[in-house]
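A.B. asks: Take a look at this one; I'll ask things after.
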Amino acid sequence: MKTLYVKDIKPGGGVVTGETFALADIRPGTDKNNRTYYDVSLSDKTGSIKGKIWADSIQFVDKTAFKVGNVVMIDARIDQYKGQPQLSVTALKGVSEELLDEYLQSSQFDADKMWDELLSIVESISDEGIRALLQNILNDEVLAKKLKYWPAAVSVHHDFRSGLLQHLLEMYVVAEGMERFYPEANFDIVKAGIFLHDIGKLEELDSQGVNIVYTKKGSLLGHMAIGLEIITAHLPENFPINTLLHLQHIVLSHHGELQYGSPVLPATVEALIVHNIDNVSADARKAAQAISESVDEEGMTSYNKWLSTRFWNGV
Ligand SMILES: [Fe+2]
Ligand SMILES: [Fe+2]
């Protein structure tokens, strides 16, 4: 049984004996004596921690278990590197992956509750056609099951279990606040746009072991094109052509810039709202995640290449 979680590992000595983690990353390197060592990343549902497997310990590593995505049992020394704990792994072997949930990082918010909230938002849509489209997707068992637990990304933001669902709810909260000041906008379209904007991620991404990866289809088409396919496959009969056009436009324009993969720029008030709220949720989460993972003694994170800055925790 797992007794030690990443969040409880503090720098400053001690050993880890027979604890299980998911092997999230393996990178070989060469030490000063020209011998191979490995930088690894070990994770569980509470976070991930860096580790080293030095040349002297490699003989105690079970080669068949030493693959990214596997759950492994390790012995290690807890060292310190730049103020952060780091594991020097002295032995590693494979274990069963049955209890995968123990190793996956999840949203800090309850998935069942968030799911109920999403269902009631869909219920609140007054346009029958739009509501029926979203309900057709919710009635698709394969998609609905994924939507409840899918991450929003491989990395970058909301890259944890139920991350996509949390991302949608964060967006709905902001949209709700704007509704009062935009009587000229159609908030049924905004609500559906939020629901649909990243729906293609359900087929763009997949999980292998504990790692999130791009599917072949995801790599070749991307989530916007896949999103259009999902809409077409779940379209109710006699769906108004302009409503369809508007929702397709929101999906295609939601990244807001040609260099971020959108073939068109947001051209309606509703599309601009969805695009900008998408950024609010994604960017704030990038910062919050980076800060919760590690800050130095001044409360600063390392440089974040996505937002081109270091974040500060404000204290
Ligand atoms: Fe997206
Ligand atoms: Fe998004």
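Identifiers for the structure tokens are assigned positionally: chains receive A, B, ... in sequence, residues are indexed from 1 per chain, and ligands are indexed from 1 in the order shown.
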List every residue of stretch 165-262 of chain A that DSSP, applied to the backbone of this structure, places in alpha helix (DSSP H), and write the result as an MDAnalysis selection string.

C.D. replies: chainID A and resid 165:179 187:197 201:204 216:233 241:253

A.B. asks: Do you know which residues are at most 12 Å from stretch 250-255 of chain A counting only C-alpha atoms, after dropping those on the same chain fewer than 4 positions away, and could you put them as a PyMOL selection string?

C.D. replies: chain A and resi 189-201+222-231+243-246+259-279+282

A.B. asks: Suppose we keep C-alpha atoms; can you now write the selection as a PDB file, in the first residue's frame?

C.D. replies:
```
ATOM      1  CA  ILE A 189     -24.546  30.641 -27.905  1.00  0.00           C
ATOM      2  CA  VAL A 190     -21.859  31.625 -25.366  1.00  0.00           C
ATOM      3  CA  LYS A 191     -22.802  28.703 -23.091  1.00  0.00           C
ATOM      4  CA  ALA A 192     -22.761  26.259 -26.010  1.00  0.00           C
ATOM      5  CA  GLY A 193     -19.529  27.791 -27.309  1.00  0.00           C
ATOM      6  CA  ILE A 194     -17.840  27.198 -23.957  1.00  0.00           C
ATOM      7  CA  PHE A 195     -19.126  23.613 -23.854  1.00  0.00           C
ATOM      8  CA  LEU A 196     -17.940  22.917 -27.405  1.00  0.00           C
ATOM      9  CA  HIS A 197     -14.736  24.942 -27.762  1.00  0.00           C
ATOM     10  CA  ASP A 198     -12.376  22.201 -26.531  1.00  0.00           C
ATOM     11  CA  ILE A 199     -14.699  19.200 -27.044  1.00  0.00           C
ATOM     12  CA  GLY A 200     -12.292  17.898 -29.730  1.00  0.00           C
ATOM     13  CA  LYS A 201      -9.768  17.270 -26.953  1.00  0.00           C
ATOM     14  CA  GLY A 222      -6.037  19.079 -33.781  1.00  0.00           C
ATOM     15  CA  HIS A 223      -8.937  19.647 -31.413  1.00  0.00           C
ATOM     16  CA  MET A 224     -10.665  22.387 -33.399  1.00  0.00           C
ATOM     17  CA  ALA A 225     -11.218  20.272 -36.520  1.00  0.00           C
ATOM     18  CA  ILE A 226     -12.176  17.271 -34.356  1.00  0.00           C
ATOM     19  CA  GLY A 227     -14.613  19.524 -32.470  1.00  0.00           C
ATOM     20  CA  LEU A 228     -16.414  20.333 -35.734  1.00  0.00           C
ATOM     21  CA  GLU A 229     -16.675  16.617 -36.482  1.00  0.00           C
ATOM     22  CA  ILE A 230     -18.197  15.956 -33.046  1.00  0.00           C
ATOM     23  CA  ILE A 231     -20.746  18.736 -33.569  1.00  0.00           C
ATOM     24  CA  THR A 243     -26.676  28.765 -35.277  1.00  0.00           C
ATOM     25  CA  LEU A 244     -24.489  25.951 -36.597  1.00  0.00           C
ATOM     26  CA  LEU A 245     -22.263  28.469 -38.390  1.00  0.00           C
ATOM     27  CA  HIS A 246     -21.908  30.515 -35.199  1.00  0.00           C
ATOM     28  CA  GLN A 259      -0.236  31.652 -34.855  1.00  0.00           C
ATOM     29  CA  TYR A 260      -2.038  29.828 -32.041  1.00  0.00           C
ATOM     30  CA  GLY A 261      -3.805  27.555 -34.507  1.00  0.00           C
ATOM     31  CA  SER A 262      -7.074  29.346 -35.148  1.00  0.00           C
ATOM     32  CA  PRO A 263      -7.719  29.611 -38.909  1.00  0.00           C
ATOM     33  CA  VAL A 264     -10.037  32.596 -38.331  1.00  0.00           C
ATOM     34  CA  LEU A 265     -10.172  35.363 -35.738  1.00  0.00           C
ATOM     35  CA  PRO A 266     -13.212  35.796 -33.461  1.00  0.00           C
ATOM     36  CA  ALA A 267     -15.752  37.800 -35.476  1.00  0.00           C
ATOM     37  CA  THR A 268     -18.768  37.953 -33.158  1.00  0.00           C
ATOM     38  CA  VAL A 269     -19.281  39.322 -29.656  1.00  0.00           C
ATOM     39  CA  GLU A 270     -20.003  35.779 -28.465  1.00  0.00           C
ATOM     40  CA  ALA A 271     -16.808  34.402 -30.063  1.00  0.00           C
ATOM     41  CA  LEU A 272     -14.727  37.187 -28.484  1.00  0.00           C
ATOM     42  CA  ILE A 273     -16.227  36.456 -25.082  1.00  0.00           C
ATOM     43  CA  VAL A 274     -15.459  32.721 -25.360  1.00  0.00           C
ATOM     44  CA  HIS A 275     -11.916  33.324 -26.634  1.00  0.00           C
ATOM     45  CA  ASN A 276     -11.028  35.792 -23.898  1.00  0.00           C
ATOM     46  CA  ILE A 277     -12.606  33.800 -21.085  1.00  0.00           C
ATOM     47  CA  ASP A 278     -10.707  30.751 -22.355  1.00  0.00           C
ATOM     48  CA  ASN A 279      -7.483  32.715 -21.850  1.00  0.00           C
ATOM     49  CA  ALA A 282      -5.988  28.883 -18.956  1.00  0.00           C
TER      50      ALA A 282
END
```

A.B. asks: Go ahead and compute the interatomic distance for atom CA of A:Gly29 and atom CA of A:Asp62, in Å to one decimal.

C.D. replies: 18.4 Å

A.B. asks: Figure out the distance between atom CA of A:Val213 and atom CA of A:Ala91, please, to one decimal in Å.

C.D. replies: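 Taking atom CA of A:Ala91 as the start and atom CA of A:Val213 as the end point, the length is 27.3 Å.
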
A.B. asks: Do you know which residues are at most 6 Å from A:Gln86 counting only C-alpha atoms, after dropping those on the same chain fewer than 2 positions away, and could you put them as a ChimeraX atom specification?

C.D. replies: /A:50-51,78-80

A.B. asks: Can those selected residues be exported to a file as a CSV table (one decimal), in the first residue's frame so that it contains C-alpha atoms?

C.D. replies:
```csv
chain,number,residue,atom,x,y,z
A,50,LYS,CA,12.4,15.0,-9.7
A,51,GLY,CA,14.7,12.1,-9.2
A,78,ILE,CA,15.7,12.2,-0.1
A,79,ASP,CA,18.3,14.8,-1.2
A,80,GLN,CA,17.9,18.5,-1.8
```

A.B. asks: Between A:Val156, A:Met114, A:Ala233, A:Leu202, single out the one closest to A:Lys305, counting only C-alpha atoms.

C.D. replies: A:Val156
